[in-house]
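Below you'll find the structure, written out as structure tokens, and then a few comments.
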Amino acid sequence: MRTDTISAKELVGIYQAGSHHMVGDGFPVRNMIPGAGVEEQLSPFLMLDYMGPEEFPPTTHRLGVGEHPHRGFETVTIMYHGKVAHRDSTGSGGVIGPGDVQWMTAASGVVHEELHEKEFAEKGGLLEGVQLWVNLPKAFKMTTPRYQTLLNSEIPTVELEGGAGRLRVIAGEFRGVAGPAKTFSPVHLYDLRLAAGHRMELDLPEGFNSSLFVLHGQVVVNGAQTVDEVRIGLLGQRGERVVLEAKQDATILVLSGQPIAEPIARYGPFVMNTRDEIIQAVQDYQAGKMGHLS
């Protein structure tokens with residue numbers, strides 16, 4: 001084994017939410033990326049919104065975000081509590097609940113809506129989730145849109161030694177276990193639960209942009225710095241190994257991806273490489289070329 005030759009991946013910054021606001025009328029979010037003050041250091045991850053946790057009273061009104069477009073990237077929604085219903089202009093759709101993940105590739109353009117699922121809305125309850133925006137390389141920005149529903153039962157779980165917790169592999173691989181998500185650039189995305197008083201060693205590729213989003217609990221990184229609840233710990237590109245120890249039971253979203261070294265032009269729901277491409281995206285949407293919901 002080459003354990004002794006693996007170098008440590010340094011924690012280079014800890015960031016809190018940049019804003020706290022409503023998305024539509026159904027998603028109270030804390031914006032961690034890019035509002036936390038980091039953006040390029042996290043490519044290919046463009047945005048991370050933490051939804052809730054918040055209790056919603058029973059209602060017959062469908063709360064959420066109505067019809068809106070996307071082009072040039074992917075949206076990834078990870079549910080911890082509650083249920084969200086999605087439908088889009090390609091005819092895809094579905095409901096995701098606790099443990100499920102929705103991976104929508106907007107690519108050349110889709111129009112979609114995201115609403116509290118009907119039965120969940122009528123009963124009320126706790127809503128908690130994360131939505132990521134993942135950039136697409138230029139070569140794939142205008143490919144055909146696709147939709148992946150990754151159910152909890154389809155996401156493999158690795159039990160950690162000594163009762164330390166468990167790690168679900170959403171994308172990429174961990175200790176030889178591959179996640180079900182299909183990606184356009186190399187990405188590792190893990191849902192990690194680490195029990196209080198336990199530690200684990202996590203290997204992430206050198207040269208990748210990697211970070212730890214702590215939803216709940218406190219995590220000590222490399223025996224030194226503590227990342228508190230609702231904070232992002234940014235890791236350096238150098239090195240491969242990070243040691244995590246939970247001071248409290250912790251829920252952690254681990255993000256690691258190969259940087260996309262290309263220009264970024266952003267305007268609202270469009271992420272392209274040039275201003276001209278953004279203008280074209282707006283014109284295509286206005287002309288109905290991304291479709292509409294019936």
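Each chain in the structure tokens gets a letter, A, B, ..., in the order shown, and its residues are numbered from 1; ligands are numbered from 1 in order too.
These are the residues of segment 63-265 of chain A assigned alpha helix (DSSP H) by DSSP from backbone coordinates: Lys118, Glu119, Phe120, Ala121, Glu122 and Lys123 of chain A.
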Close residues, segment 188-203 of chain A itself excluded, 8 Å, only C-alpha atoms, min 2 positions apart in chain, as a ChimeraX atom specification: /A:160,163-173,186,205,240-257
Shortest interatomic distance to Gly52 of chain A - which of A:Glu161, A:Gly129, A:Phe73, A:Gly26, counting only C-alpha atoms: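 Ranked by minimum distance to Gly52 of chain A, first place goes to A:Gly129.
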For atom CA of Asp276 of chain A and atom CA of Pro263 of chain A, quote the distance in Å rounded to one decimal.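 Separation of atom CA of Asp276 of chain A and atom CA of Pro263 of chain A: 12.6 Å.
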Mind pulling up the distance from atom CA of Gln16 of chain A to atom CA of Ala224 of chain A? 18.7 Å
Nearby residues (only C-alpha atoms) at most 12 Å from Asp284 of chain A, same-chain spacing under 3 positions excluded, as a ChimeraX atom specification: /A:69-71,108-111,270,277-281,287-291
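Atom CA of His86 of chain A lies 23.7 Å from atom CA of Leu215 of chain A.
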Wanna dump the segment 162-204 of chain A-segment 136-140 of chain A contacts at 12 Å for me, each residue with its shortest atom pair and the distance in Å to one decimal, counting only C-alpha atoms, ordered by chain and number, as a tab-separated table?
```
residue	atom	partner	partner_atom	distance
A:Thr183	CA	A:Leu136	CA	9.1
A:Phe184	CA	A:Leu136	CA	6.8
A:Ser185	CA	A:Pro137	CA	7.4
A:Pro186	CA	A:Leu136	CA	10.9
A:Val187	CA	A:Leu136	CA	11.4
```
Near Val76 of chain A, within 12 Å and counting only C-alpha atoms, which residues show up once chain neighbours fewer than 2 positions away are dropped, as JSON, numbers by chain? {"A": [45, 46, 47, 48, 49, 50, 73, 74, 78, 79, 86, 96, 100, 101, 102, 103, 104, 105, 106, 129, 130, 131, 132, 133, 134, 135, 147, 148, 149, 150, 170, 171, 181, 182, 183, 189]}
For the residues in the current selection, export N, CA and C atoms as an mmCIF file, in the first residue's frame.
```
data_model
loop_
_atom_site.group_PDB
_atom_site.id
_atom_site.type_symbol
_atom_site.label_atom_id
_atom_site.label_comp_id
_atom_site.auth_asym_id
_atom_site.auth_seq_id
_atom_site.Cartn_x
_atom_site.Cartn_y
_atom_site.Cartn_z
ATOM 1 N N PHE A 45 -18.292 23.572 -9.853
ATOM 2 C CA PHE A 45 -19.507 23.905 -9.109
ATOM 3 C C PHE A 45 -19.719 25.412 -9.146
ATOM 4 N N LEU A 46 -20.858 25.813 -9.684
ATOM 5 C CA LEU A 46 -21.153 27.230 -9.895
ATOM 6 C C LEU A 46 -21.955 27.834 -8.757
ATOM 7 N N MET A 47 -22.809 27.043 -8.135
ATOM 8 C CA MET A 47 -23.707 27.553 -7.113
ATOM 9 C C MET A 47 -24.059 26.437 -6.148
ATOM 10 N N LEU A 48 -24.234 26.806 -4.867
ATOM 11 C CA LEU A 48 -24.790 25.888 -3.885
ATOM 12 C C LEU A 48 -25.773 26.670 -3.032
ATOM 13 N N ASP A 49 -27.040 26.307 -3.118
ATOM 14 C CA ASP A 49 -28.083 26.862 -2.261
ATOM 15 C C ASP A 49 -28.515 25.797 -1.269
ATOM 16 N N TYR A 50 -28.539 26.171 0.017
ATOM 17 C CA TYR A 50 -29.016 25.269 1.068
ATOM 18 C C TYR A 50 -30.456 25.643 1.388
ATOM 19 N N PHE A 73 -25.600 24.396 -18.296
ATOM 20 C CA PHE A 73 -25.087 23.780 -17.068
ATOM 21 C C PHE A 73 -26.087 22.731 -16.586
ATOM 22 N N GLU A 74 -25.825 22.168 -15.389
ATOM 23 C CA GLU A 74 -26.702 21.163 -14.806
ATOM 24 C C GLU A 74 -27.184 21.619 -13.431
ATOM 25 N N ILE A 78 -30.547 17.678 -4.116
ATOM 26 C CA ILE A 78 -30.364 16.584 -3.154
ATOM 27 C C ILE A 78 -31.341 16.818 -2.007
ATOM 28 N N MET A 79 -32.252 15.884 -1.780
ATOM 29 C CA MET A 79 -33.273 16.058 -0.749
ATOM 30 C C MET A 79 -32.894 15.331 0.541
ATOM 31 N N HIS A 86 -40.898 17.912 -10.049
ATOM 32 C CA HIS A 86 -40.259 18.595 -11.168
ATOM 33 C C HIS A 86 -40.937 18.181 -12.459
ATOM 34 N N ILE A 96 -38.991 13.785 -6.080
ATOM 35 C CA ILE A 96 -37.881 13.312 -5.264
ATOM 36 C C ILE A 96 -38.178 13.614 -3.799
ATOM 37 N N ASP A 100 -33.284 11.103 -2.127
ATOM 38 C CA ASP A 100 -33.268 11.088 -3.589
ATOM 39 C C ASP A 100 -32.494 12.282 -4.137
ATOM 40 N N VAL A 101 -32.059 12.142 -5.393
ATOM 41 C CA VAL A 101 -31.302 13.186 -6.080
ATOM 42 C C VAL A 101 -31.872 13.349 -7.494
ATOM 43 N N GLN A 102 -32.048 14.593 -7.898
ATOM 44 C CA GLN A 102 -32.449 14.905 -9.275
ATOM 45 C C GLN A 102 -31.277 15.586 -9.973
ATOM 46 N N TRP A 103 -30.846 15.024 -11.107
ATOM 47 C CA TRP A 103 -29.703 15.568 -11.848
ATOM 48 C C TRP A 103 -30.198 15.973 -13.236
ATOM 49 N N MET A 104 -30.465 17.258 -13.430
ATOM 50 C CA MET A 104 -31.009 17.737 -14.694
ATOM 51 C C MET A 104 -29.926 18.448 -15.496
ATOM 52 N N THR A 105 -29.683 17.966 -16.702
ATOM 53 C CA THR A 105 -28.729 18.587 -17.610
ATOM 54 C C THR A 105 -29.499 19.523 -18.526
ATOM 55 N N ALA A 106 -29.392 20.836 -18.285
ATOM 56 C CA ALA A 106 -30.108 21.802 -19.110
ATOM 57 C C ALA A 106 -29.499 21.871 -20.507
ATOM 58 N N GLY A 129 -32.967 20.623 1.777
ATOM 59 C CA GLY A 129 -32.267 20.089 0.621
ATOM 60 C C GLY A 129 -31.148 21.005 0.181
ATOM 61 N N VAL A 130 -30.437 20.573 -0.834
ATOM 62 C CA VAL A 130 -29.353 21.348 -1.435
ATOM 63 C C VAL A 130 -29.573 21.361 -2.936
ATOM 64 N N GLN A 131 -29.395 22.531 -3.547
ATOM 65 C CA GLN A 131 -29.338 22.566 -5.011
ATOM 66 C C GLN A 131 -27.981 23.093 -5.446
ATOM 67 N N LEU A 132 -27.339 22.297 -6.295
ATOM 68 C CA LEU A 132 -26.059 22.655 -6.902
ATOM 69 C C LEU A 132 -26.271 23.018 -8.361
ATOM 70 N N TRP A 133 -25.463 23.949 -8.858
ATOM 71 C CA TRP A 133 -25.327 24.156 -10.286
ATOM 72 C C TRP A 133 -23.933 23.665 -10.659
ATOM 73 N N VAL A 134 -23.877 22.778 -11.645
ATOM 74 C CA VAL A 134 -22.607 22.209 -12.108
ATOM 75 C C VAL A 134 -22.378 22.667 -13.543
ATOM 76 N N ASN A 135 -21.247 23.299 -13.785
ATOM 77 C CA ASN A 135 -20.954 23.820 -15.115
ATOM 78 C C ASN A 135 -20.728 22.675 -16.108
ATOM 79 N N TYR A 147 -32.349 14.108 -18.153
ATOM 80 C CA TYR A 147 -32.860 14.145 -16.781
ATOM 81 C C TYR A 147 -32.573 12.813 -16.107
ATOM 82 N N GLN A 148 -31.945 12.855 -14.923
ATOM 83 C CA GLN A 148 -31.661 11.646 -14.161
ATOM 84 C C GLN A 148 -32.339 11.731 -12.796
ATOM 85 N N THR A 149 -33.222 10.779 -12.506
ATOM 86 C CA THR A 149 -33.772 10.629 -11.159
ATOM 87 C C THR A 149 -32.976 9.539 -10.469
ATOM 88 N N LEU A 150 -32.275 9.895 -9.411
ATOM 89 C CA LEU A 150 -31.456 8.948 -8.661
ATOM 90 C C LEU A 150 -32.145 8.696 -7.330
ATOM 91 N N ILE A 170 -22.976 9.531 -4.681
ATOM 92 C CA ILE A 170 -23.932 10.034 -5.664
ATOM 93 C C ILE A 170 -23.293 10.065 -7.052
ATOM 94 N N ALA A 171 -22.077 10.563 -7.115
ATOM 95 C CA ALA A 171 -21.343 10.638 -8.379
ATOM 96 C C ALA A 171 -19.885 10.314 -8.127
ATOM 97 N N ALA A 181 -24.755 8.644 -10.890
ATOM 98 C CA ALA A 181 -24.904 9.839 -11.715
ATOM 99 C C ALA A 181 -23.941 9.817 -12.899
ATOM 100 N N LYS A 182 -24.461 10.160 -14.072
ATOM 101 C CA LYS A 182 -23.637 10.314 -15.270
ATOM 102 C C LYS A 182 -23.243 11.776 -15.390
ATOM 103 N N THR A 183 -21.938 12.044 -15.524
ATOM 104 C CA THR A 183 -21.451 13.419 -15.554
ATOM 105 C C THR A 183 -20.652 13.665 -16.826
ATOM 106 N N LEU A 189 -19.237 13.292 -5.770
ATOM 107 C CA LEU A 189 -20.231 13.928 -4.910
ATOM 108 C C LEU A 189 -20.699 12.890 -3.899
#
```
Residues of segment 77-261 of chain A classed as strand (DSSP E or B) by DSSP on the backbone are to be reported as a PyMOL selection string. chain A and resi 77-81+84-88+93-96+101-105+110-116+125-135+146-150+157-159+165-171+173-174+177-178+187-194+199-203+209-216+219-221+225-227+231-235+241-246+250-257
Closest of A:Gly268, A:Glu206, A:Gly64, A:Glu114 to Asp88 of chain A, counting only C-alpha atoms, is A:Glu114
